[in-house]
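As provided, protein_33.cif (mmCIF, C-alpha atoms and all ligand atoms) reads as follows.
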data_model
#
loop_
_atom_site.label_atom_id
_atom_site.label_comp_id
_atom_site.auth_asym_id
_atom_site.auth_seq_id
_atom_site.Cartn_x
_atom_site.Cartn_y
_atom_site.Cartn_z
CA MET A 190 9.03 -140.69 -141.20
CA ARG A 191 5.53 -139.67 -142.15
CA VAL A 192 3.32 -142.04 -140.15
CA ALA A 193 -0.43 -142.58 -140.67
CA VAL A 194 -2.07 -143.21 -137.30
CA LEU A 195 -5.30 -145.15 -137.78
CA GLU A 196 -7.75 -144.34 -135.03
CA GLY A 197 -11.35 -144.82 -133.92
CA GLY A 198 -12.81 -147.70 -135.86
CA ARG A 199 -16.02 -149.65 -136.08
CA SER A 200 -15.79 -151.67 -132.87
CA SER A 201 -17.28 -151.06 -129.43
CA GLU A 202 -13.74 -150.07 -128.40
CA HIS A 203 -13.83 -146.89 -130.57
CA GLU A 204 -13.38 -144.55 -127.56
CA VAL A 205 -10.44 -146.51 -126.19
CA SER A 206 -8.76 -146.37 -129.59
CA VAL A 207 -9.17 -142.59 -129.84
CA ALA A 208 -7.42 -142.15 -126.46
CA SER A 209 -4.59 -144.54 -127.40
CA ALA A 210 -4.12 -142.88 -130.80
CA ALA A 211 -3.84 -139.34 -129.40
CA ALA A 212 -0.99 -140.55 -127.19
CA VAL A 213 0.67 -142.42 -130.08
CA ARG A 214 0.58 -139.28 -132.28
CA ALA A 215 2.13 -137.20 -129.48
CA GLY A 216 4.83 -139.83 -128.86
CA LEU A 217 5.66 -140.15 -132.58
CA THR A 218 5.97 -136.38 -132.81
CA GLU A 219 8.27 -136.39 -129.80
CA ALA A 220 10.37 -139.06 -131.50
CA GLY A 221 10.77 -136.74 -134.49
CA HIS A 222 8.19 -138.26 -136.85
CA GLU A 223 5.28 -136.59 -138.59
CA ALA A 224 2.00 -138.10 -137.35
CA VAL A 225 -0.95 -138.04 -139.78
CA ALA A 226 -4.31 -138.81 -138.17
CA VAL A 227 -6.60 -141.11 -140.16
CA GLU A 228 -9.97 -141.10 -138.43
CA ILE A 229 -12.19 -144.12 -138.91
CA SER A 230 -15.79 -143.46 -137.91
CA ARG A 231 -18.08 -145.93 -136.20
CA GLU A 232 -19.68 -146.43 -139.64
CA GLY A 233 -16.26 -147.25 -141.12
CA ARG A 234 -15.65 -144.01 -143.04
CA TRP A 235 -11.99 -142.97 -143.31
CA THR A 236 -11.23 -139.24 -143.15
CA HIS A 237 -8.15 -137.05 -142.74
CA GLY A 238 -8.69 -133.47 -141.60
CA GLY A 239 -12.41 -133.88 -142.31
CA GLU A 240 -11.82 -134.96 -145.94
CA PRO A 241 -12.59 -138.49 -147.17
CA VAL A 242 -9.50 -140.66 -147.68
CA THR A 243 -9.33 -142.31 -151.10
CA LEU A 244 -7.76 -145.77 -151.16
CA ARG A 245 -6.29 -147.39 -154.27
CA PRO A 246 -4.70 -150.86 -154.25
CA ALA A 247 -0.90 -150.44 -154.22
CA GLY A 248 -1.54 -146.68 -153.97
CA GLY A 249 -0.19 -146.15 -150.46
CA LEU A 250 -1.91 -144.12 -147.78
CA LEU A 251 -1.70 -140.31 -147.82
CA ASP A 252 1.95 -140.50 -148.93
CA CYS A 253 2.91 -141.99 -145.57
CA GLU A 254 5.94 -144.26 -145.27
CA VAL A 255 4.37 -146.30 -142.49
CA ALA A 256 0.92 -146.88 -140.98
CA PHE A 257 0.28 -147.42 -137.29
CA PRO A 258 -3.10 -149.03 -136.66
CA VAL A 259 -4.21 -148.07 -133.15
CA LEU A 260 -7.54 -149.85 -133.44
CA HIS A 261 -8.89 -152.20 -130.80
CA GLY A 262 -11.35 -155.03 -131.32
CA PRO A 263 -13.13 -156.25 -134.47
CA TYR A 264 -12.54 -154.41 -137.81
CA GLY A 265 -9.15 -153.17 -136.68
CA GLU A 266 -7.26 -155.57 -134.45
CA ASP A 267 -8.60 -158.67 -136.22
CA GLY A 268 -6.65 -158.65 -139.47
CA THR A 269 -9.21 -156.83 -141.63
CA VAL A 270 -7.41 -153.48 -141.63
CA GLN A 271 -4.05 -155.27 -141.78
CA GLY A 272 -5.23 -156.97 -145.00
CA LEU A 273 -6.27 -153.62 -146.41
CA LEU A 274 -2.85 -152.17 -145.60
CA GLU A 275 -1.22 -155.13 -147.38
CA ALA A 276 -3.35 -154.33 -150.44
CA LEU A 277 -2.35 -150.66 -150.27
CA ASP A 278 1.27 -151.82 -149.92
CA VAL A 279 2.01 -149.70 -146.86
CA PRO A 280 4.34 -151.04 -144.14
CA TYR A 281 2.45 -151.11 -140.85
CA ALA A 282 3.24 -151.50 -137.17
CA GLY A 283 2.28 -154.66 -135.33
CA ALA A 284 0.92 -158.06 -136.25
CA GLY A 285 0.02 -159.18 -139.76
CA VAL A 286 -3.26 -160.67 -140.96
CA LEU A 287 -2.90 -164.19 -139.55
CA ALA A 288 -1.75 -163.36 -136.01
CA SER A 289 -4.28 -160.53 -135.75
CA ALA A 290 -7.16 -162.80 -136.71
CA VAL A 291 -6.05 -165.71 -134.53
CA CYS A 292 -5.61 -163.56 -131.42
CA MET A 293 -8.93 -161.79 -131.87
CA ASP A 294 -10.91 -165.01 -131.57
CA LYS A 295 -10.61 -166.38 -128.03
CA VAL A 296 -11.85 -169.84 -129.09
CA VAL A 297 -9.50 -170.29 -132.06
CA PHE A 298 -6.61 -168.91 -130.01
CA LYS A 299 -7.25 -171.21 -127.05
CA ASP A 300 -7.71 -174.26 -129.29
CA LEU A 301 -4.41 -173.51 -130.99
CA MET A 302 -2.56 -172.99 -127.69
CA GLN A 303 -4.11 -176.14 -126.26
CA SER A 304 -2.80 -178.16 -129.21
CA ALA A 305 0.64 -176.69 -128.49
CA GLY A 306 0.41 -177.78 -124.84
CA VAL A 307 0.40 -174.27 -123.39
CA PRO A 308 -1.28 -174.35 -119.93
CA GLN A 309 -4.66 -172.53 -119.77
CA VAL A 310 -7.91 -172.70 -117.78
CA GLY A 311 -10.59 -175.21 -118.83
CA TYR A 312 -13.04 -173.72 -121.36
CA ALA A 313 -15.89 -174.48 -123.74
CA ALA A 314 -17.24 -172.70 -126.83
CA VAL A 315 -21.01 -172.06 -126.83
CA ARG A 316 -23.31 -171.06 -129.69
CA GLU A 317 -26.78 -169.63 -129.26
CA GLY A 318 -29.24 -172.46 -128.59
CA ASP A 319 -26.53 -174.96 -127.52
CA ASP A 320 -27.21 -177.29 -124.60
CA THR A 321 -25.27 -175.84 -121.66
CA ALA A 322 -25.45 -178.90 -119.38
CA ALA A 323 -21.81 -179.84 -120.03
CA LEU A 324 -20.66 -176.46 -118.71
CA ALA A 325 -21.25 -177.74 -115.17
CA GLY A 326 -17.91 -179.54 -115.54
CA LEU A 327 -16.14 -176.17 -115.42
CA GLY A 328 -17.38 -175.61 -111.86
CA LEU A 329 -18.29 -172.15 -110.51
CA PRO A 330 -17.57 -169.30 -110.85
CA VAL A 331 -17.07 -169.20 -114.61
CA PHE A 332 -16.28 -166.29 -116.91
CA VAL A 333 -18.58 -165.88 -119.92
CA LYS A 334 -17.19 -163.89 -122.86
CA PRO A 335 -17.91 -163.05 -126.48
CA ALA A 336 -15.36 -164.90 -128.65
CA ARG A 337 -14.20 -161.70 -130.36
CA MET A 338 -14.11 -158.53 -128.29
CA GLY A 339 -11.81 -156.73 -125.86
CA SER A 340 -11.74 -154.23 -122.98
CA SER A 341 -13.86 -156.72 -120.98
CA LEU A 342 -16.95 -155.69 -122.99
CA GLY A 343 -19.71 -158.30 -122.88
CA ILE A 344 -17.90 -160.33 -120.16
CA SER A 345 -19.61 -161.54 -116.97
CA LYS A 346 -18.42 -163.47 -113.98
CA VAL A 347 -21.06 -166.07 -113.14
CA ALA A 348 -21.14 -167.29 -109.54
CA ALA A 349 -24.44 -169.21 -109.62
CA ALA A 350 -25.89 -171.44 -112.36
CA GLU A 351 -29.09 -169.38 -112.67
CA GLU A 352 -27.02 -166.34 -113.78
CA LEU A 353 -25.65 -168.23 -116.79
CA PRO A 354 -28.45 -167.52 -119.36
CA ALA A 355 -28.25 -163.73 -118.83
CA ALA A 356 -24.44 -163.84 -119.04
CA LEU A 357 -24.62 -165.78 -122.32
CA GLU A 358 -27.15 -163.24 -123.66
CA ALA A 359 -24.74 -160.41 -122.85
CA ALA A 360 -21.94 -162.23 -124.69
CA PHE A 361 -24.19 -163.00 -127.70
CA ASP A 362 -24.98 -159.27 -127.94
CA GLN A 363 -21.33 -158.84 -129.04
CA ASP A 364 -20.68 -162.05 -131.00
CA ARG A 365 -22.54 -165.14 -132.19
CA LEU A 366 -19.99 -167.32 -130.44
CA ALA A 367 -19.25 -167.25 -126.71
CA ILE A 368 -16.58 -168.87 -124.57
CA VAL A 369 -17.13 -170.04 -121.01
CA GLU A 370 -14.04 -170.44 -118.85
CA ALA A 371 -13.26 -171.97 -115.47
CA MET A 372 -12.07 -169.31 -113.07
CA ALA A 373 -8.34 -168.97 -112.44
CA HIS A 374 -7.48 -168.03 -108.85
CA GLY A 375 -4.47 -165.91 -108.05
CA MET A 376 -2.58 -163.09 -109.70
CA GLU A 377 -3.01 -161.40 -113.07
CA VAL A 378 0.33 -160.82 -114.75
CA GLU A 379 1.03 -159.07 -118.05
CA CYS A 380 4.16 -159.03 -120.17
CA SER A 381 4.92 -156.80 -123.18
CA VAL A 382 6.68 -158.20 -126.21
CA LEU A 383 8.54 -156.22 -128.90
CA GLY A 384 10.31 -157.41 -132.04
CA ASN A 385 9.96 -159.45 -135.22
CA GLU A 386 12.27 -162.43 -135.64
CA ALA A 387 13.90 -162.16 -132.19
CA PRO A 388 11.17 -160.72 -129.96
CA GLU A 389 12.04 -159.45 -126.49
CA ALA A 390 9.88 -159.53 -123.39
CA SER A 391 9.59 -156.71 -120.86
CA LEU A 392 9.60 -157.20 -117.12
CA PRO A 393 6.27 -158.81 -116.18
CA GLY A 394 3.85 -156.57 -114.29
CA GLU A 395 1.21 -157.49 -111.73
CA ILE A 396 -2.31 -156.07 -112.01
CA VAL A 397 -3.59 -155.11 -108.55
CA LEU A 398 -7.32 -154.49 -108.58
CA GLU A 399 -9.64 -152.61 -106.27
CA GLY A 400 -12.61 -154.65 -107.43
CA ASP A 401 -13.23 -158.32 -107.99
CA TRP A 402 -11.98 -158.65 -111.58
CA TYR A 403 -10.47 -156.53 -114.34
CA ASP A 404 -13.66 -155.13 -115.88
CA TYR A 405 -14.07 -152.09 -118.17
CA GLY A 406 -14.20 -149.68 -115.23
CA ALA A 407 -11.06 -151.07 -113.62
CA LYS A 408 -9.25 -150.78 -116.96
CA TYR A 409 -10.07 -147.18 -117.76
CA ARG A 410 -11.15 -145.44 -114.52
CA PRO A 411 -8.23 -143.61 -112.88
CA GLY A 412 -7.23 -145.63 -109.84
CA GLY A 413 -9.21 -148.70 -111.00
CA MET A 414 -5.99 -150.67 -111.20
CA GLU A 415 -2.46 -150.45 -109.93
CA LEU A 416 0.46 -151.90 -111.87
CA VAL A 417 3.30 -153.38 -109.81
CA VAL A 418 6.55 -153.93 -111.76
CA PRO A 419 8.04 -156.42 -111.56
CA ALA A 420 5.20 -158.71 -110.48
CA ARG A 421 5.75 -160.01 -106.94
CA LEU A 422 6.80 -163.50 -108.00
CA PRO A 423 9.95 -165.55 -107.50
CA GLU A 424 12.64 -164.84 -110.09
CA SER A 425 12.12 -168.27 -111.70
CA ALA A 426 8.40 -167.55 -112.23
CA LEU A 427 9.19 -164.12 -113.74
CA GLU A 428 11.58 -165.77 -116.18
CA HIS A 429 8.99 -168.43 -116.97
CA VAL A 430 6.38 -165.75 -117.77
CA ARG A 431 8.79 -163.92 -120.08
CA ALA A 432 9.75 -167.10 -121.89
CA MET A 433 6.09 -168.08 -122.30
CA ALA A 434 5.22 -164.61 -123.65
CA VAL A 435 7.91 -164.89 -126.32
CA ASP A 436 6.90 -168.48 -127.10
CA VAL A 437 3.23 -167.57 -127.59
CA PHE A 438 4.17 -164.51 -129.67
CA THR A 439 6.32 -166.68 -131.93
CA ARG A 440 3.78 -169.53 -132.18
CA VAL A 441 1.04 -167.28 -133.58
CA ARG A 442 3.66 -165.61 -135.83
CA CYS A 443 3.05 -162.24 -134.30
CA ALA A 444 5.17 -159.23 -135.32
CA GLY A 445 6.10 -155.87 -133.86
CA MET A 446 4.24 -155.77 -130.61
CA ALA A 447 1.81 -157.64 -128.36
CA ARG A 448 0.91 -157.81 -124.70
CA CYS A 449 0.70 -161.32 -123.34
CA ASP A 450 -1.62 -161.79 -120.34
CA PHE A 451 -1.45 -164.55 -117.75
CA PHE A 452 -3.01 -165.83 -114.56
CA VAL A 453 -0.60 -167.09 -111.93
CA GLU A 454 -2.19 -169.48 -109.47
CA ASP A 455 -0.61 -169.96 -106.04
CA PRO A 456 1.79 -167.03 -106.68
CA ARG A 457 3.45 -167.13 -103.26
CA GLY A 458 3.67 -170.92 -103.01
CA HIS A 459 4.26 -172.99 -106.13
CA PRO A 460 3.37 -170.56 -108.94
CA ARG A 461 1.48 -172.11 -111.84
CA VAL A 462 1.39 -169.89 -114.93
CA LEU A 463 -1.70 -170.08 -117.15
CA LEU A 464 -1.97 -168.23 -120.45
CA ASN A 465 -4.98 -165.90 -120.78
CA GLU A 466 -4.58 -164.04 -124.07
CA LEU A 467 -2.32 -162.22 -126.51
CA ASN A 468 -3.41 -158.67 -127.40
CA THR A 469 -1.95 -157.66 -130.76
CA ILE A 470 -2.93 -153.98 -130.34
CA PRO A 471 -2.87 -153.42 -126.59
CA GLY A 472 -4.04 -150.18 -124.96
CA PHE A 473 -1.47 -147.66 -126.07
CA THR A 474 -1.51 -144.50 -123.99
CA GLN A 475 1.69 -143.49 -122.21
CA THR A 476 0.22 -144.85 -118.96
CA SER A 477 -1.11 -148.07 -120.52
CA VAL A 478 0.39 -151.31 -119.25
CA TYR A 479 2.16 -152.07 -122.55
CA ALA A 480 4.20 -148.87 -122.48
CA LYS A 481 4.71 -148.80 -118.72
CA LEU A 482 6.26 -152.27 -118.72
CA PHE A 483 8.80 -151.20 -121.31
CA GLU A 484 9.44 -147.95 -119.50
CA ALA A 485 10.24 -149.99 -116.37
CA SER A 486 12.52 -152.09 -118.59
CA GLY A 487 14.40 -148.94 -119.69
CA LEU A 488 12.67 -148.05 -122.99
CA SER A 489 10.90 -144.66 -123.10
CA TYR A 490 7.54 -144.16 -124.86
CA PRO A 491 8.95 -142.21 -127.86
CA ARG A 492 11.78 -144.75 -128.27
CA LEU A 493 9.23 -147.58 -128.14
CA LEU A 494 7.17 -145.99 -130.92
CA ASP A 495 10.30 -145.32 -132.93
CA ARG A 496 11.28 -148.98 -132.62
CA LEU A 497 7.81 -150.09 -133.78
CA VAL A 498 8.14 -147.92 -136.88
CA GLU A 499 11.56 -149.50 -137.60
CA LEU A 500 10.14 -152.99 -137.10
CA ALA A 501 7.29 -152.22 -139.52
CA LEU A 502 9.74 -151.17 -142.23
CA GLU A 503 12.01 -154.12 -141.54
CA ARG A 504 9.17 -156.63 -141.86
CA HIS A 505 7.80 -155.02 -145.03
CA ALA A 506 11.25 -155.05 -146.63
CA ARG A 507 11.82 -158.69 -145.68
CA GLU A 508 8.42 -159.89 -146.92
CA HIS A 509 8.70 -158.03 -150.22
CA ARG A 510 12.22 -159.12 -150.98
N1 LIG A 601 -10.84 -167.63 -116.57
C1 LIG A 601 -10.71 -166.52 -115.83
N2 LIG A 601 -10.39 -166.61 -114.50
C2 LIG A 601 -10.27 -165.51 -113.74
N3 LIG A 601 -10.48 -164.26 -114.20
C3 LIG A 601 -10.82 -164.10 -115.49
C4 LIG A 601 -10.94 -165.22 -116.36
N4 LIG A 601 -11.27 -164.78 -117.59
C5 LIG A 601 -11.34 -163.44 -117.48
N5 LIG A 601 -11.10 -163.01 -116.23
C6 LIG A 601 -11.12 -161.62 -115.78
O1 LIG A 601 -11.73 -160.84 -116.78
C7 LIG A 601 -10.79 -159.93 -117.39
C8 LIG A 601 -11.05 -159.78 -118.87
O2 LIG A 601 -10.95 -161.03 -119.52
P1 LIG A 601 -10.14 -161.20 -120.87
O3 LIG A 601 -10.31 -162.59 -121.32
O4 LIG A 601 -8.76 -160.73 -120.67
O5 LIG A 601 -10.95 -160.28 -121.86
P2 LIG A 601 -10.55 -158.97 -122.72
O6 LIG A 601 -10.10 -159.50 -124.04
O7 LIG A 601 -11.81 -158.19 -122.81
O8 LIG A 601 -9.46 -158.27 -121.96
C9 LIG A 601 -9.44 -160.53 -117.03
O9 LIG A 601 -8.43 -159.56 -117.05
C10 LIG A 601 -9.72 -161.09 -115.63
O10 LIG A 601 -9.76 -160.07 -114.64
MG MG A 602 -7.70 -159.06 -121.29
#

Take the structure in this file and express it as structure tokens.
Amino acid sequence: MRVAVLEGGRSSEHEVSVASAAAVRAGLTEAGHEAVAVEISREGRWTHGGEPVTLRPAGGLLDCEVAFPVLHGPYGEDGTVQGLLEALDVPYAGAGVLASAVCMDKVVFKDLMQSAGVPQVGYAAVREGDDTAALAGLGLPVFVKPARMGSSLGISKVAAAEELPAALEAAFDQDRLAIVEAMAHGMEVECSVLGNEAPEASLPGEIVLEGDWYDYGAKYRPGGMELVVPARLPESALEHVRAMAVDVFTRVRCAGMARCDFFVEDPRGHPRVLLNELNTIPGFTQTSVYAKLFEASGLSYPRLLDRLVELALERHAREHR
């Protein structure tokens, strides 16, 4: 297959996307595909080999049979590029417009999961200028985040009430809406999901951190984090995590791939699994958690990419029947 790999993008996660995309192109090549790099600049310009890419509705994309968006954050992971690919009529890997948009917005996602009865931490949405008195009910520490971002950008852990205004400012630098969350205590566990109609979950992995929480440095600095697979949890809790990951994936009508992230409180006693988020385009280097969890589950990186290409074609064919 000739596969267009969309990389870079307009979000603050541009760098991360470029690293993921280089690995995806190498893996696709290894799997026997032809990878075509489509570079999206920070200004939103699309180029291929330095030449501007011309887009025509229903006109495809550089004669590629499939597109693989490897874009993190707003303007890439949020349904905007997915909508454009629908208009071009190119099959593409991963979630469609709805699931992409829902998962990008932490407030909409949490509200939806709450209405479905999925266990999560307590939280509140905050707009600039809102009265923050009610946030005291969440206790301390709290995590303050922009509603739509990733890679821990704009997130602060607030241990004392007087730190809250600066933390909200940092979140509002990224988005006009912020979310403030009660702190979960315990283990961070992530589970990769792959599939369309009958999605499968990988073995869950445990994130072991050097520092206090999983910030940008811990995510991308070598040695900032250690992944333990499977997570050191009782078998029943591992099964529960996998079932929840598939349930959440299905509820938001995700497709192709996603990484579902959890907090597990009291992991060695009576584990209580809380949903954190669903990432529709998780970090995608060969050593990223998404791929490593499938590797530990017996699926190599090139095979994983190959499967995602197949799933993209399968979904496109089904939806255009
Ligand atoms: N409510 C919370 N309780 C404990 N830790 C949290 C909480 N929210 C976020 N964190 C920490 O911050 C990290 C990033 O938060 P997350 O919501 O996953 O944002 P991002 O979308 O940027 O990955 C988490 O992996 C975790 O280490
Ligand atoms: Mg996260």

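The closest residue to Ala432 of chain A, picked from A:Pro388, A:Gly445, A:Gly339, A:Gly458 and counting all atoms listed in the file, is A:Pro388.
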
Chain A near ligand MG 602 (chain A) within 8 Å: what's each residue's closest atom pair and its distance in Å to one decimal, counting all atoms listed in the file, ordered by chain then ascending residue number, as a tab-separated table?
residue	atom	partner	partner_atom	distance
A:Gly339	CA	A:MG602	MG	6.6
A:Ser340	CA	A:MG602	MG	6.5
A:Ser341	CA	A:MG602	MG	6.6
A:Tyr403	CA	A:MG602	MG	7.9
A:Asp450	CA	A:MG602	MG	6.7
A:Asn465	CA	A:MG602	MG	7.4
A:Glu466	CA	A:MG602	MG	6.5
A:Asn468	CA	A:MG602	MG	7.5

Determine the axis-aligned bounding box of all atoms of ligand LIG 601 (chain A) present in the file, pad each side by 5 Å, and express its centre and edge lengths in Å to one decimal place as AutoDock Vina command-line options.
--center_x -10.1 --center_y -162.9 --center_z -118.9 --size_x 13.4 --size_y 19.4 --size_z 20.3

So that I can check the surroundings of Asp436 of chain A, please list as a short mmCIF file (atom, residue, chain, number, x, y, z; two decimals) with C-alpha atoms, in the coordinates of the input every protein, DNA and RNA residue that reaches within 10 Å of it, counting all atoms listed in the file and ignoring chain neighbours fewer than 6 positions away.
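result.cif was written with the following content:
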data_model
loop_
_atom_site.label_atom_id
_atom_site.label_comp_id
_atom_site.auth_asym_id
_atom_site.auth_seq_id
_atom_site.Cartn_x
_atom_site.Cartn_y
_atom_site.Cartn_z
CA VAL A 307 0.40 -174.27 -123.39
CA PRO A 388 11.17 -160.72 -129.96
CA VAL A 430 6.38 -165.75 -117.77
CA ARG A 442 3.66 -165.61 -135.83
#

Contacts of Val270 of chain A at 12 Å (all atoms listed in the file; same-chain gap of 2+ positions) as number ranges by chain
A: 195-196, 198-199, 229, 233, 235, 256-268, 272-277, 279, 281-287, 289-290

Pick out the residues no farther than 7 Å from ligand LIG 601 (chain A), counting all atoms listed in the file, and list them as a ChimeraX atom specification.
/A:310,331-332,338-342,344,370-374,377,402-404,465-466

Would you please work out which residue, of A:Glu358, A:Asp319, A:Glu503, A:Glu352, is nearest to Lys334 of chain A when using all atoms listed in the file?
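When distances to Lys334 of chain A are compared using all atoms listed in the file, the smallest one comes from A:Glu358.
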
One number please: atom CA of Val369 of chain A to atom CA of Ser345 of chain A, in Å, one decimal.
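Interatomic distance here is 9.7 Å.
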
Measuring atom to atom with only C-alpha atoms, identify which of A:Val478, A:Ala434, A:Val462, A:Val225 is nearest to Val382 of chain A.
A:Ala434

Can you complete the atoms of segment 252-278 of chain A to N, CA and C atoms and list them as an mmCIF file, in the coordinates of the input?
data_model
loop_
_atom_site.group_PDB
_atom_site.id
_atom_site.type_symbol
_atom_site.label_atom_id
_atom_site.label_comp_id
_atom_site.auth_asym_id
_atom_site.auth_seq_id
_atom_site.Cartn_x
_atom_site.Cartn_y
_atom_site.Cartn_z
ATOM 1 N N ASP A 252 0.488 -140.683 -148.776
ATOM 2 C CA ASP A 252 1.950 -140.500 -148.930
ATOM 3 C C ASP A 252 2.738 -140.785 -147.657
ATOM 4 N N CYS A 253 2.193 -141.645 -146.807
ATOM 5 C CA CYS A 253 2.910 -141.990 -145.570
ATOM 6 C C CYS A 253 3.863 -143.153 -145.840
ATOM 7 N N GLU A 254 4.957 -143.169 -145.109
ATOM 8 C CA GLU A 254 5.940 -144.260 -145.270
ATOM 9 C C GLU A 254 5.560 -145.481 -144.436
ATOM 10 N N VAL A 255 4.774 -145.232 -143.403
ATOM 11 C CA VAL A 255 4.370 -146.300 -142.490
ATOM 12 C C VAL A 255 2.964 -145.997 -141.976
ATOM 13 N N ALA A 256 2.212 -147.066 -141.656
ATOM 14 C CA ALA A 256 0.920 -146.880 -140.980
ATOM 15 C C ALA A 256 1.012 -147.486 -139.593
ATOM 16 N N PHE A 257 0.293 -146.910 -138.663
ATOM 17 C CA PHE A 257 0.280 -147.420 -137.290
ATOM 18 C C PHE A 257 -1.183 -147.599 -136.893
ATOM 19 N N PRO A 258 -1.707 -148.818 -137.060
ATOM 20 C CA PRO A 258 -3.100 -149.030 -136.660
ATOM 21 C C PRO A 258 -3.208 -149.042 -135.127
ATOM 22 N N VAL A 259 -3.976 -148.108 -134.600
ATOM 23 C CA VAL A 259 -4.210 -148.070 -133.150
ATOM 24 C C VAL A 259 -5.698 -148.342 -132.954
ATOM 25 N N LEU A 260 -6.123 -149.505 -133.437
ATOM 26 C CA LEU A 260 -7.540 -149.850 -133.440
ATOM 27 C C LEU A 260 -7.720 -151.084 -132.567
ATOM 28 N N HIS A 261 -8.668 -151.042 -131.665
ATOM 29 C CA HIS A 261 -8.890 -152.200 -130.800
ATOM 30 C C HIS A 261 -10.162 -152.929 -131.222
ATOM 31 N N GLY A 262 -10.135 -154.246 -131.084
ATOM 32 C CA GLY A 262 -11.350 -155.030 -131.320
ATOM 33 C C GLY A 262 -11.586 -155.334 -132.795
ATOM 34 N N PRO A 263 -12.798 -155.872 -133.104
ATOM 35 C CA PRO A 263 -13.130 -156.250 -134.470
ATOM 36 C C PRO A 263 -12.982 -155.090 -135.464
ATOM 37 N N TYR A 264 -12.746 -155.386 -136.723
ATOM 38 C CA TYR A 264 -12.540 -154.410 -137.810
ATOM 39 C C TYR A 264 -11.332 -153.525 -137.576
ATOM 40 N N GLY A 265 -10.321 -154.018 -136.892
ATOM 41 C CA GLY A 265 -9.150 -153.170 -136.680
ATOM 42 C C GLY A 265 -7.996 -153.968 -136.127
ATOM 43 N N GLU A 266 -8.301 -154.757 -135.090
ATOM 44 C CA GLU A 266 -7.260 -155.570 -134.450
ATOM 45 C C GLU A 266 -7.337 -157.006 -134.967
ATOM 46 N N ASP A 267 -8.289 -157.285 -135.853
ATOM 47 C CA ASP A 267 -8.600 -158.670 -136.220
ATOM 48 C C ASP A 267 -8.082 -159.092 -137.583
ATOM 49 N N GLY A 268 -7.220 -158.274 -138.184
ATOM 50 C CA GLY A 268 -6.650 -158.650 -139.470
ATOM 51 C C GLY A 268 -7.320 -157.988 -140.663
ATOM 52 N N THR A 269 -8.502 -157.426 -140.483
ATOM 53 C CA THR A 269 -9.210 -156.830 -141.630
ATOM 54 C C THR A 269 -8.465 -155.603 -142.128
ATOM 55 N N VAL A 270 -8.132 -154.687 -141.229
ATOM 56 C CA VAL A 270 -7.410 -153.480 -141.630
ATOM 57 C C VAL A 270 -5.990 -153.822 -142.056
ATOM 58 N N GLN A 271 -5.405 -154.842 -141.412
ATOM 59 C CA GLN A 271 -4.050 -155.270 -141.780
ATOM 60 C C GLN A 271 -4.065 -155.775 -143.238
ATOM 61 N N GLY A 272 -5.104 -156.500 -143.617
ATOM 62 C CA GLY A 272 -5.230 -156.970 -145.000
ATOM 63 C C GLY A 272 -5.357 -155.810 -145.975
ATOM 64 N N LEU A 273 -6.115 -154.814 -145.568
ATOM 65 C CA LEU A 273 -6.270 -153.620 -146.410
ATOM 66 C C LEU A 273 -4.928 -152.916 -146.595
ATOM 67 N N LEU A 274 -4.168 -152.832 -145.516
ATOM 68 C CA LEU A 274 -2.850 -152.170 -145.600
ATOM 69 C C LEU A 274 -1.898 -152.962 -146.490
ATOM 70 N N GLU A 275 -2.027 -154.292 -146.465
ATOM 71 C CA GLU A 275 -1.220 -155.130 -147.380
ATOM 72 C C GLU A 275 -1.586 -154.782 -148.823
ATOM 73 N N ALA A 276 -2.897 -154.630 -149.076
ATOM 74 C CA ALA A 276 -3.350 -154.330 -150.440
ATOM 75 C C ALA A 276 -2.874 -152.944 -150.881
ATOM 76 N N LEU A 277 -2.824 -152.011 -149.939
ATOM 77 C CA LEU A 277 -2.350 -150.660 -150.270
ATOM 78 C C LEU A 277 -0.829 -150.641 -150.439
ATOM 79 N N ASP A 278 -0.189 -151.707 -149.927
ATOM 80 C CA ASP A 278 1.270 -151.820 -149.920
ATOM 81 C C ASP A 278 1.936 -150.756 -149.056
#
